[in-house]
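**Student:** Attaching a single structure in structure tokens format; questions to follow.
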Amino acid sequence: MNSHTYVTLPNYTRSSETTVNKELIIEHVSADVTGDHVPDQIWLTGYKQDPNSPYITGISIAIKDGATSQLYQIKPHENSGYNPRLFLGDFTGNGTVDILLTIDSGGSGAITFDYLYSFVQGKPRLLFSSEVYNDYWKYKVSYLDGYRLQLTNSNTEQVYTLDITSRGKDYLNGIYNPDGTLKAPTEGWVDPLSGLYPVDFDQDGVYELMAFQGVSGLYHADRFGYVQNVLKYQNNEWSLQNQWFAIYGAPIPKS
């Protein structure tokens, strides 16, 4: 599960100059991530190959232990993309903040690379990765007779059925016969993780993860809505608290 590399840095120096091939400080945060009640220093760094492009490569997290001055580096498996950012909060309920890293892929599916780390007692531990999440959650999107779309989640054995008549005659005529039966079996798909948000639903100071995955029909822009999963960390694993198929609305038909 853990495909990350952890390296101790004997000398840690960083440049904040926006220069090609120079390592940049993207974000700097002070917080106790080791659990010893001493603030630690956390840097999010990366490289710009082109000064005119927002694309960042070599993204990594550097941590300086506030008590020991020991320096560490965490390199995520997917370490290139756009708008890399950190969120620090307690996701496990142990009273110590964890480090959530999010990177936008920049692709048409708006996919994100997401990694959540615990660093208690200076021991880096990967709590969540988007790769593992995407491999685990399995969906099937099928067009049904009668102008309907069905989303099936094999993990929960739940189905969600949507009336798609609002798509319009031109769209439906390409898929259905005049009697509402399918011309041929037709499938859509669910994208990999395309948004991961920390939310404290219980208002107890411990964050849950709210994951979004786009649901599309014939092509990417043919988006019906999103699968939304709320995950809570319990007994050293993530448990599903709620799942919804959130759909886009359609204009009220004119009489």
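In the structure tokens, chains take letters A, B, ... by order of appearance, with residues numbered from 1 within each chain and ligands from 1 in the order shown.
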If you run DSSP on the backbone, which residues of range 145-245 of chain A are strand (DSSP E or B), as a PyMOL selection string?

**Tutor:** chain A and resi 148-153+158-163+176+182+187+189-190+196-199+208-216+223-234+237-245

**Student:** Can I get the selected residues back with C-alpha atoms, as a PDB file, in the first residue's frame?

**Tutor:**
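The resulting part31.pdb:
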ATOM      1  CA  ARG A 148     -32.797   5.548 -17.191  1.00  0.00           C
ATOM      2  CA  LEU A 149     -29.233   5.464 -15.951  1.00  0.00           C
ATOM      3  CA  GLN A 150     -28.169   3.079 -13.191  1.00  0.00           C
ATOM      4  CA  LEU A 151     -25.093   3.454 -10.986  1.00  0.00           C
ATOM      5  CA  THR A 152     -24.086   0.273  -9.151  1.00  0.00           C
ATOM      6  CA  ASN A 153     -21.526   0.209  -6.332  1.00  0.00           C
ATOM      7  CA  GLN A 158     -26.266  -0.394  -3.633  1.00  0.00           C
ATOM      8  CA  VAL A 159     -27.811   0.920  -6.849  1.00  0.00           C
ATOM      9  CA  TYR A 160     -28.862   4.437  -7.784  1.00  0.00           C
ATOM     10  CA  THR A 161     -31.292   4.945 -10.670  1.00  0.00           C
ATOM     11  CA  LEU A 162     -31.697   8.218 -12.544  1.00  0.00           C
ATOM     12  CA  ASP A 163     -34.339   9.377 -15.040  1.00  0.00           C
ATOM     13  CA  TYR A 176     -32.742   4.476 -27.685  1.00  0.00           C
ATOM     14  CA  LEU A 182     -31.745   0.490 -25.931  1.00  0.00           C
ATOM     15  CA  GLU A 187     -22.076   2.036 -20.440  1.00  0.00           C
ATOM     16  CA  TRP A 189     -18.147   5.342 -16.044  1.00  0.00           C
ATOM     17  CA  VAL A 190     -17.072   6.821 -12.720  1.00  0.00           C
ATOM     18  CA  LEU A 196     -11.102  15.112  -1.375  1.00  0.00           C
ATOM     19  CA  TYR A 197     -12.253  17.474   1.361  1.00  0.00           C
ATOM     20  CA  PRO A 198     -11.729  17.459   5.136  1.00  0.00           C
ATOM     21  CA  VAL A 199     -15.020  18.005   6.971  1.00  0.00           C
ATOM     22  CA  GLU A 208     -13.698  12.983   8.178  1.00  0.00           C
ATOM     23  CA  LEU A 209     -12.856  12.767   4.462  1.00  0.00           C
ATOM     24  CA  MET A 210     -15.468  13.603   1.849  1.00  0.00           C
ATOM     25  CA  ALA A 211     -14.522  12.116  -1.520  1.00  0.00           C
ATOM     26  CA  PHE A 212     -15.985  13.146  -4.893  1.00  0.00           C
ATOM     27  CA  GLN A 213     -15.927  11.066  -8.090  1.00  0.00           C
ATOM     28  CA  GLY A 214     -17.483  12.290 -11.307  1.00  0.00           C
ATOM     29  CA  VAL A 215     -20.137  10.158 -13.062  1.00  0.00           C
ATOM     30  CA  SER A 216     -20.179  10.494 -16.853  1.00  0.00           C
ATOM     31  CA  ARG A 223     -21.489  14.562 -16.641  1.00  0.00           C
ATOM     32  CA  PHE A 224     -24.509  13.473 -14.576  1.00  0.00           C
ATOM     33  CA  GLY A 225     -23.143  14.302 -11.128  1.00  0.00           C
ATOM     34  CA  TYR A 226     -20.851  12.878  -8.455  1.00  0.00           C
ATOM     35  CA  VAL A 227     -20.547   9.904  -6.163  1.00  0.00           C
ATOM     36  CA  GLN A 228     -19.888  11.353  -2.704  1.00  0.00           C
ATOM     37  CA  ASN A 229     -18.364   9.128  -0.026  1.00  0.00           C
ATOM     38  CA  VAL A 230     -17.851  10.223   3.582  1.00  0.00           C
ATOM     39  CA  LEU A 231     -15.056   8.236   5.240  1.00  0.00           C
ATOM     40  CA  LYS A 232     -14.195   8.100   8.941  1.00  0.00           C
ATOM     41  CA  TYR A 233     -10.962   6.691  10.379  1.00  0.00           C
ATOM     42  CA  GLN A 234     -11.822   3.996  12.925  1.00  0.00           C
ATOM     43  CA  GLU A 237      -8.971   1.828   8.790  1.00  0.00           C
ATOM     44  CA  TRP A 238     -11.399   3.964   6.849  1.00  0.00           C
ATOM     45  CA  SER A 239     -15.090   3.151   7.216  1.00  0.00           C
ATOM     46  CA  LEU A 240     -17.873   4.444   4.988  1.00  0.00           C
ATOM     47  CA  GLN A 241     -20.259   6.719   6.891  1.00  0.00           C
ATOM     48  CA  ASN A 242     -22.467   7.877   4.030  1.00  0.00           C
ATOM     49  CA  GLN A 243     -22.680   7.584   0.263  1.00  0.00           C
ATOM     50  CA  TRP A 244     -24.733   9.677  -2.171  1.00  0.00           C
ATOM     51  CA  PHE A 245     -25.136  10.006  -5.913  1.00  0.00           C
TER      52      PHE A 245
END

**Student:** What does the distance between CA of Ser69 in chain A and CA of His28 in chain A come to in Å, to one decimal place?

**Tutor:**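 A separation of 16.1 Å between them.
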
**Student:** Rank nothing, just name the residue among A:Asp98, A:Asp145, A:Asp50, A:Glu78 nearest to Phe113 in chain A, using only C-alpha atoms.

**Tutor:**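 The answer is A:Glu78, which sits nearest to Phe113 in chain A.
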
**Student:** If we count only C-alpha atoms, what is near Pro178 in chain A at a cut-off of 12 Å, once residues fewer than 4 positions away on the same chain are taken out, given as number ranges by chain?

**Tutor:** A: 145-147, 169-170, 172-174, 182-183

**Student:** As a list in words, please: the residues near Pro54 in chain A (cut-off 10 Å, only C-alpha atoms, same-chain neighbours under 4 positions excluded).

**Tutor:**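 The neighbour list is Lys48, Gln49, Asp50, Gly81, Tyr82 and Asn83 of chain A.
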
**Student:** May I have the residues within 7 Å of Ile63 in chain A as a ChimeraX atom specification, using only C-alpha atoms and disregarding those fewer than 3 positions away in the same chain?

**Tutor:** /A:41-43,71-73
